[in-house]
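Down below is the structure, laid out as structure tokens.
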Number of protein chains: 2
Amino acid sequence: MTAGKHFDEAAVSILQDIILHRRDVRGNRFLSTPLEDQVVDQLLSAALHAPSVGFSQPWEFVLIRDTTVKQRIKASFNEENEKALPSFSGEKQTDYVKLKLEGIMEAPLNIAVFYKPAGKPVLGQTSMEEAGLYSVVCAVQNMWLMARALNVGIGWVSILDAEKVKRILHAPPENRLVAYLCAGYTDGFYTQPELELLQWEKRKMKEAVIFKDGYTPALPVIP
Amino acid sequence: MTAGKHFDEAAVSILQDIILHRRDVRGNRFLSTPLEDQVVDQLLSAALHAPSVGFSQPWEFVLIRDTTVKQRIKASFNEENEKALPSFSGEKQTDYVKLKLEGIMEAPLNIAVFYKPAGKPVLGQTSMEEAGLYSVVCAVQNMWLMARALNVGIGWVSILDAEKVKRILHAPPENRLVAYLCAGYTDGFYTQPELELLQWEKRKMKEAVIFKDGYTPALPVIP
């Protein structure tokens, strides 16, 4: 045990920039240029050094470049996206159909990220079983930030039937699909989240989501 | 839409370092020095700029410094930790009882992180409901990395009864506890994950968790 590496203000500033400039990238922005092996290695290395409950590292990554596999996944997206439409009505529905919500075929690399249960009790997972799934999400977020630092775009596609994706990829029955990512170079990154630019949703006020010592008094307070 | 900020190799290298040196910090390492308001703001700002499904930003943060509130949370940890013990047998159980698994009282700041459902259909969440919870985990991981850049330790306590924590904090019934974090300065960061150093679990081989185009052929392959 040493004091450990000390980071300076420049490191804080760079991390802030990476976090602020990270975007969810869709198919209208991806370039077909393949990602170099070294870049893919750097993405995976970031994922593999995420925190995990009880150091269980309960993640598996399927790298997908095969066109036939991508087409099958895209078909599941199309079905689910069709099903989603009636959830939105009026103007929202008109706006929804105009949105490009995935980049499965356009992105040179897709990554299916699975949770693989340990099959034995895991330290820290005995009261909150979902901590295993959450470890996998931490790995996804590490990868997403590393991608941005490498000027690589990532888009998370959640409009999929997880069971169909598992069948397409011959995943073991105990595995659970956590994320389906599209990755590749882009022709650019938006200055703000696309759904904010398009006024689909507004950014929440900080004051509305931060509370002190509990939810009473009823009104939220800033620190 | 512009090409967006271009990051250089130095940024990649700093992010790699932050990811590699991030640790889960427990109560035997926290200092009682309070975190400055500016530091807490930087942590929260990192969280609030995480990706979220449909730009729903479904997160709420309860900042806890009150000793009585902390004591109640600690009591839930003690109960759950006691319950966890029979899951481990023999030498594992002997090792388990020696581990310090939280820093609730020692850390000057605790942060309970909740998922707050939107109460309306969310773009991207229609097929995979859990994408909302996962957005909140992305916020936690952003905060954890920012903490490390600021030389602040964070520990994630998952040995808790989520419903009891909700009652203690008077959380609305629809909220779901995603993470309970302990945050503060530390007397040092371990060079490796503590559970790896203590040989509780081994680091998995990269080759064991990376697959190409699907799970067949049965053996995993590196890219």
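So you can find residues: chains in the structure tokens are A, B, ... in the order shown, residues in each start at 1, and ligands are numbered from 1 in order.
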- Quick one: pick out all helix (DSSP H, G or I) residues within region 29-200 of chain A from a backbone DSSP run and write them as an NGL selection string. :A and (37-48 or 53-55 or 67-87 or 91-98 or 131-149 or 162-168 or 194-197)
Select, as an mmCIF file with all heavy atoms, in the first residue's frame, those residues of chain A with any atom no more than 6 Å from chain B (distances computed using only C-alpha atoms).
data_model
loop_
_atom_site.group_PDB
_atom_site.id
_atom_site.type_symbol
_atom_site.label_atom_id
_atom_site.label_comp_id
_atom_site.auth_asym_id
_atom_site.auth_seq_id
_atom_site.Cartn_x
_atom_site.Cartn_y
_atom_site.Cartn_z
ATOM 1 N N MET A 1 0.852 -1.209 0.000
ATOM 2 C CA MET A 1 0.000 0.000 0.000
ATOM 3 C C MET A 1 0.881 1.251 0.000
ATOM 4 O O MET A 1 1.672 1.479 0.905
ATOM 5 C CB MET A 1 -0.885 -0.054 1.243
ATOM 6 C CG MET A 1 -1.435 1.287 1.717
ATOM 7 S SD MET A 1 -3.037 1.618 0.969
ATOM 8 C CE MET A 1 -3.224 3.328 1.451
ATOM 9 N N ALA A 3 0.731 5.651 -1.114
ATOM 10 C CA ALA A 3 -0.274 6.711 -1.181
ATOM 11 C C ALA A 3 -1.004 6.649 -2.514
ATOM 12 O O ALA A 3 -2.155 7.039 -2.621
ATOM 13 C CB ALA A 3 0.383 8.062 -0.986
ATOM 14 N N GLY A 4 -0.335 6.134 -3.532
ATOM 15 C CA GLY A 4 -0.974 6.025 -4.840
ATOM 16 C C GLY A 4 -0.740 7.251 -5.687
ATOM 17 O O GLY A 4 -0.341 8.306 -5.201
ATOM 18 N N PHE A 7 -3.123 12.816 -8.997
ATOM 19 C CA PHE A 7 -3.500 13.496 -10.241
ATOM 20 C C PHE A 7 -3.555 15.003 -10.011
ATOM 21 O O PHE A 7 -3.929 15.457 -8.917
ATOM 22 C CB PHE A 7 -4.860 12.988 -10.735
ATOM 23 C CG PHE A 7 -4.802 11.577 -11.252
ATOM 24 C CD1 PHE A 7 -5.194 10.508 -10.453
ATOM 25 C CD2 PHE A 7 -4.337 11.313 -12.536
ATOM 26 C CE1 PHE A 7 -5.127 9.200 -10.927
ATOM 27 C CE2 PHE A 7 -4.271 10.011 -13.019
ATOM 28 C CZ PHE A 7 -4.662 8.951 -12.204
ATOM 29 N N VAL A 12 -7.887 16.505 -14.100
ATOM 30 C CA VAL A 12 -9.308 16.761 -13.817
ATOM 31 C C VAL A 12 -9.957 17.435 -15.023
ATOM 32 O O VAL A 12 -11.046 17.053 -15.470
ATOM 33 C CB VAL A 12 -9.460 17.657 -12.561
ATOM 34 C CG1 VAL A 12 -10.914 18.083 -12.361
ATOM 35 C CG2 VAL A 12 -8.935 16.931 -11.321
ATOM 36 N N GLU A 60 -18.865 -10.359 -20.282
ATOM 37 C CA GLU A 60 -18.399 -11.005 -21.507
ATOM 38 C C GLU A 60 -18.720 -10.079 -22.674
ATOM 39 O O GLU A 60 -19.762 -9.423 -22.676
ATOM 40 C CB GLU A 60 -19.060 -12.384 -21.694
ATOM 41 C CG GLU A 60 -18.555 -13.379 -20.660
ATOM 42 C CD GLU A 60 -19.002 -14.823 -20.868
ATOM 43 O OE1 GLU A 60 -19.942 -15.057 -21.653
ATOM 44 O OE2 GLU A 60 -18.422 -15.714 -20.212
ATOM 45 N N PHE A 61 -17.826 -10.043 -23.639
ATOM 46 C CA PHE A 61 -17.947 -9.112 -24.765
ATOM 47 C C PHE A 61 -17.920 -9.903 -26.071
ATOM 48 O O PHE A 61 -16.996 -10.693 -26.298
ATOM 49 C CB PHE A 61 -16.768 -8.134 -24.761
ATOM 50 C CG PHE A 61 -16.625 -7.393 -23.460
ATOM 51 C CD1 PHE A 61 -15.882 -7.936 -22.404
ATOM 52 C CD2 PHE A 61 -17.257 -6.172 -23.262
ATOM 53 C CE1 PHE A 61 -15.763 -7.274 -21.180
ATOM 54 C CE2 PHE A 61 -17.155 -5.503 -22.050
ATOM 55 C CZ PHE A 61 -16.406 -6.053 -21.005
ATOM 56 N N VAL A 62 -18.934 -9.699 -26.902
ATOM 57 C CA VAL A 62 -18.937 -10.340 -28.221
ATOM 58 C C VAL A 62 -18.708 -9.251 -29.265
ATOM 59 O O VAL A 62 -19.515 -8.326 -29.405
ATOM 60 C CB VAL A 62 -20.259 -11.082 -28.493
ATOM 61 C CG1 VAL A 62 -20.200 -11.768 -29.852
ATOM 62 C CG2 VAL A 62 -20.534 -12.112 -27.394
ATOM 63 N N LEU A 63 -17.567 -9.346 -29.957
ATOM 64 C CA LEU A 63 -17.225 -8.368 -31.004
ATOM 65 C C LEU A 63 -17.849 -8.829 -32.309
ATOM 66 O O LEU A 63 -17.591 -9.957 -32.760
ATOM 67 C CB LEU A 63 -15.702 -8.296 -31.164
ATOM 68 C CG LEU A 63 -14.894 -8.055 -29.884
ATOM 69 C CD1 LEU A 63 -13.399 -8.048 -30.196
ATOM 70 C CD2 LEU A 63 -15.310 -6.729 -29.248
ATOM 71 N N ILE A 64 -18.672 -7.986 -32.904
ATOM 72 C CA ILE A 64 -19.418 -8.390 -34.102
ATOM 73 C C ILE A 64 -19.049 -7.519 -35.296
ATOM 74 O O ILE A 64 -19.224 -6.298 -35.260
ATOM 75 C CB ILE A 64 -20.946 -8.314 -33.835
ATOM 76 C CG1 ILE A 64 -21.300 -9.207 -32.638
ATOM 77 C CG2 ILE A 64 -21.744 -8.719 -35.084
ATOM 78 C CD1 ILE A 64 -22.580 -8.823 -31.946
ATOM 79 N N ALA A 84 -42.506 0.075 -30.511
ATOM 80 C CA ALA A 84 -42.373 1.234 -29.614
ATOM 81 C C ALA A 84 -43.255 2.393 -30.051
ATOM 82 O O ALA A 84 -43.690 3.205 -29.214
ATOM 83 C CB ALA A 84 -40.912 1.697 -29.575
ATOM 84 N N GLY A 124 -20.560 -9.060 -1.603
ATOM 85 C CA GLY A 124 -21.174 -7.780 -1.950
ATOM 86 C C GLY A 124 -22.426 -7.917 -2.789
ATOM 87 O O GLY A 124 -23.118 -6.938 -3.033
ATOM 88 N N THR A 126 -24.780 -10.385 -2.099
ATOM 89 C CA THR A 126 -25.718 -11.224 -1.358
ATOM 90 C C THR A 126 -27.032 -10.507 -1.027
ATOM 91 O O THR A 126 -28.077 -11.141 -0.923
ATOM 92 C CB THR A 126 -25.057 -11.755 -0.061
ATOM 93 O OG1 THR A 126 -24.423 -10.644 0.613
ATOM 94 C CG2 THR A 126 -23.980 -12.777 -0.376
ATOM 95 N N SER A 127 -26.987 -9.155 -0.871
ATOM 96 C CA SER A 127 -28.224 -8.417 -0.567
ATOM 97 C C SER A 127 -28.804 -7.746 -1.799
ATOM 98 O O SER A 127 -30.013 -7.582 -1.907
ATOM 99 C CB SER A 127 -27.954 -7.338 0.494
ATOM 100 O OG SER A 127 -27.575 -7.935 1.710
ATOM 101 N N CYS A 138 -20.740 -0.429 -15.504
ATOM 102 C CA CYS A 138 -19.529 0.359 -15.230
ATOM 103 C C CYS A 138 -18.481 0.097 -16.323
ATOM 104 O O CYS A 138 -17.789 1.021 -16.766
ATOM 105 C CB CYS A 138 -18.955 0.023 -13.859
ATOM 106 S SG CYS A 138 -19.952 0.640 -12.483
ATOM 107 N N GLN A 141 -19.456 2.039 -19.408
ATOM 108 C CA GLN A 141 -19.182 3.476 -19.308
ATOM 109 C C GLN A 141 -17.680 3.761 -19.418
ATOM 110 O O GLN A 141 -17.276 4.732 -20.065
ATOM 111 C CB GLN A 141 -19.789 4.047 -18.015
ATOM 112 C CG GLN A 141 -19.604 5.559 -17.834
ATOM 113 C CD GLN A 141 -20.237 6.388 -18.933
ATOM 114 O OE1 GLN A 141 -20.912 5.888 -19.831
ATOM 115 N NE2 GLN A 141 -19.987 7.689 -18.896
ATOM 116 N N ALA A 149 -12.130 9.586 -25.840
ATOM 117 C CA ALA A 149 -10.742 10.067 -25.793
ATOM 118 C C ALA A 149 -9.992 9.666 -27.063
ATOM 119 O O ALA A 149 -9.110 10.379 -27.531
ATOM 120 C CB ALA A 149 -10.037 9.518 -24.550
ATOM 121 N N SER A 158 -30.737 0.160 -27.285
ATOM 122 C CA SER A 158 -31.524 -0.579 -26.278
ATOM 123 C C SER A 158 -32.895 -0.978 -26.833
ATOM 124 O O SER A 158 -33.705 -1.567 -26.120
ATOM 125 C CB SER A 158 -31.678 0.265 -25.008
ATOM 126 O OG SER A 158 -32.226 1.530 -25.336
ATOM 127 N N ILE A 159 -33.147 -0.663 -28.094
ATOM 128 C CA ILE A 159 -34.432 -1.033 -28.706
ATOM 129 C C ILE A 159 -34.231 -2.384 -29.405
ATOM 130 O O ILE A 159 -34.132 -2.491 -30.632
ATOM 131 C CB ILE A 159 -34.918 0.084 -29.665
ATOM 132 C CG1 ILE A 159 -34.932 1.429 -28.911
ATOM 133 C CG2 ILE A 159 -36.301 -0.236 -30.229
ATOM 134 C CD1 ILE A 159 -35.226 2.641 -29.777
ATOM 135 N N LEU A 169 -26.694 -14.776 -31.179
ATOM 136 C CA LEU A 169 -25.268 -14.901 -30.818
ATOM 137 C C LEU A 169 -24.949 -16.229 -30.123
ATOM 138 O O LEU A 169 -23.819 -16.433 -29.687
ATOM 139 C CB LEU A 169 -24.855 -13.720 -29.925
ATOM 140 C CG LEU A 169 -25.023 -12.316 -30.544
ATOM 141 C CD1 LEU A 169 -24.652 -11.250 -29.527
ATOM 142 C CD2 LEU A 169 -24.163 -12.171 -31.808
ATOM 143 N N HIS A 170 -25.915 -17.143 -30.050
ATOM 144 C CA HIS A 170 -25.734 -18.438 -29.374
ATOM 145 C C HIS A 170 -25.214 -18.254 -27.949
ATOM 146 O O HIS A 170 -24.325 -18.995 -27.492
ATOM 147 C CB HIS A 170 -24.767 -19.331 -30.168
ATOM 148 C CG HIS A 170 -25.126 -19.468 -31.608
ATOM 149 N ND1 HIS A 170 -26.180 -20.234 -32.041
ATOM 150 C CD2 HIS A 170 -24.594 -18.906 -32.729
ATOM 151 C CE1 HIS A 170 -26.278 -20.160 -33.354
ATOM 152 N NE2 HIS A 170 -25.336 -19.354 -33.804
ATOM 153 N N ALA A 171 -25.746 -17.256 -27.249
ATOM 154 C CA ALA A 171 -25.285 -16.978 -25.880
ATOM 155 C C ALA A 171 -25.766 -18.056 -24.923
ATOM 156 O O ALA A 171 -26.868 -18.585 -25.074
ATOM 157 C CB ALA A 171 -25.796 -15.611 -25.432
ATOM 158 N N GLY A 188 -18.165 13.452 -36.979
ATOM 159 C CA GLY A 188 -18.253 14.529 -35.996
ATOM 160 C C GLY A 188 -19.062 14.136 -34.778
ATOM 161 O O GLY A 188 -19.783 13.129 -34.796
ATOM 162 N N PHE A 189 -18.886 14.938 -33.732
ATOM 163 C CA PHE A 189 -19.639 14.725 -32.485
ATOM 164 C C PHE A 189 -20.501 15.967 -32.260
ATOM 165 O O PHE A 189 -20.009 17.090 -32.380
ATOM 166 C CB PHE A 189 -18.674 14.557 -31.306
ATOM 167 C CG PHE A 189 -17.881 13.278 -31.329
ATOM 168 C CD1 PHE A 189 -16.655 13.208 -31.976
ATOM 169 C CD2 PHE A 189 -18.363 12.142 -30.700
ATOM 170 C CE1 PHE A 189 -15.925 12.017 -32.002
ATOM 171 C CE2 PHE A 189 -17.642 10.955 -30.718
ATOM 172 C CZ PHE A 189 -16.421 10.893 -31.366
ATOM 173 N N TYR A 190 -21.765 15.793 -31.951
ATOM 174 C CA TYR A 190 -22.624 16.942 -31.654
ATOM 175 C C TYR A 190 -22.107 17.671 -30.410
ATOM 176 O O TYR A 190 -21.482 17.075 -29.538
ATOM 177 C CB TYR A 190 -24.063 16.485 -31.412
ATOM 178 C CG TYR A 190 -24.762 16.025 -32.672
ATOM 179 C CD1 TYR A 190 -25.007 14.675 -32.905
ATOM 180 C CD2 TYR A 190 -25.178 16.941 -33.633
ATOM 181 C CE1 TYR A 190 -25.647 14.240 -34.054
ATOM 182 C CE2 TYR A 190 -25.817 16.518 -34.794
ATOM 183 C CZ TYR A 190 -26.048 15.174 -35.001
ATOM 184 O OH TYR A 190 -26.673 14.752 -36.141
ATOM 185 N N VAL A 209 -32.636 17.465 -8.622
ATOM 186 C CA VAL A 209 -32.254 16.060 -8.442
ATOM 187 C C VAL A 209 -31.251 15.838 -7.307
ATOM 188 O O VAL A 209 -30.759 14.727 -7.119
ATOM 189 C CB VAL A 209 -31.699 15.449 -9.762
ATOM 190 C CG1 VAL A 209 -32.782 15.452 -10.842
ATOM 191 C CG2 VAL A 209 -30.443 16.142 -10.253
ATOM 192 N N ILE A 210 -30.933 16.901 -6.560
ATOM 193 C CA ILE A 210 -29.980 16.750 -5.451
ATOM 194 C C ILE A 210 -30.663 17.089 -4.126
ATOM 195 O O ILE A 210 -31.276 18.148 -3.987
ATOM 196 C CB ILE A 210 -28.723 17.630 -5.679
ATOM 197 C CG1 ILE A 210 -28.040 17.182 -6.981
ATOM 198 C CG2 ILE A 210 -27.763 17.524 -4.497
ATOM 199 C CD1 ILE A 210 -26.949 18.097 -7.443
ATOM 200 N N PHE A 211 -30.567 16.152 -3.181
ATOM 201 C CA PHE A 211 -31.243 16.286 -1.890
ATOM 202 C C PHE A 211 -30.207 16.175 -0.768
ATOM 203 O O PHE A 211 -29.129 15.619 -0.978
ATOM 204 C CB PHE A 211 -32.303 15.185 -1.729
ATOM 205 C CG PHE A 211 -33.358 15.219 -2.805
ATOM 206 C CD1 PHE A 211 -33.103 14.693 -4.070
ATOM 207 C CD2 PHE A 211 -34.597 15.796 -2.560
ATOM 208 C CE1 PHE A 211 -34.070 14.736 -5.068
ATOM 209 C CE2 PHE A 211 -35.567 15.840 -3.549
ATOM 210 C CZ PHE A 211 -35.303 15.308 -4.810
ATOM 211 N N LYS A 212 -30.572 16.676 0.400
ATOM 212 C CA LYS A 212 -29.623 16.690 1.515
ATOM 213 C C LYS A 212 -30.129 15.867 2.691
ATOM 214 O O LYS A 212 -31.208 16.180 3.224
ATOM 215 C CB LYS A 212 -29.387 18.145 1.931
ATOM 216 C CG LYS A 212 -27.982 18.414 2.450
ATOM 217 C CD LYS A 212 -27.793 19.893 2.707
ATOM 218 C CE LYS A 212 -27.173 20.114 4.076
ATOM 219 N NZ LYS A 212 -27.102 21.530 4.422
ATOM 220 N N ASP A 213 -29.416 14.818 3.049
ATOM 221 C CA ASP A 213 -29.690 13.973 4.216
ATOM 222 C C ASP A 213 -31.009 13.201 4.152
ATOM 223 O O ASP A 213 -31.366 12.515 5.112
ATOM 224 C CB ASP A 213 -29.607 14.783 5.521
ATOM 225 C CG ASP A 213 -28.152 15.090 5.890
ATOM 226 O OD1 ASP A 213 -27.305 14.196 5.679
ATOM 227 O OD2 ASP A 213 -27.864 16.190 6.355
ATOM 228 N N GLY A 214 -31.742 13.329 3.053
ATOM 229 C CA GLY A 214 -32.995 12.597 2.914
ATOM 230 C C GLY A 214 -33.983 13.407 2.099
ATOM 231 O O GLY A 214 -33.688 14.534 1.704
ATOM 232 N N TYR A 215 -35.167 12.809 1.866
ATOM 233 C CA TYR A 215 -36.153 13.477 1.017
ATOM 234 C C TYR A 215 -37.079 14.405 1.798
ATOM 235 O O TYR A 215 -38.046 14.885 1.265
ATOM 236 C CB TYR A 215 -36.963 12.441 0.244
ATOM 237 C CG TYR A 215 -36.233 11.896 -0.960
ATOM 238 C CD1 TYR A 215 -35.392 10.790 -0.866
ATOM 239 C CD2 TYR A 215 -36.378 12.494 -2.199
ATOM 240 C CE1 TYR A 215 -34.739 10.298 -1.972
ATOM 241 C CE2 TYR A 215 -35.727 12.010 -3.319
ATOM 242 C CZ TYR A 215 -34.910 10.906 -3.200
ATOM 243 O OH TYR A 215 -34.268 10.422 -4.290
#
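All residues of protein, DNA or RNA that reach within 9 Å of Ile104 (chain A), judged by only C-alpha atoms and not counting those fewer than 3 positions away in the chain, are Arg26, Gly27, Lys70, Gln71, Ile73, Lys74, Ala107, Pro108, Leu109, Asn110, Val157, Leu181, Cys182 and Ala183 of chain A.
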- Message: So, with only C-alpha atoms as the atoms that count, which of B:Gly153, B:Ser76, B:Leu99, B:Pro173 lies closest to Tyr115 (chain B)?
- Response: B:Pro173
- Message: Give me, as JSON, numbers by chain, the residues of region 12-154 of chain B that a backbone DSSP run labels strand (DSSP E).
- Response: {"B": [59, 60, 61, 62, 63, 64, 109, 110, 111, 112, 113, 114, 115, 153, 154]}
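Of note, CA of Glu174 (chain A) and CA of Glu79 (chain A) are spaced 24.3 Å apart.
Between CA of Pro117 (chain B) and CA of Met143 (chain A) lies a distance of 25.8 Å.
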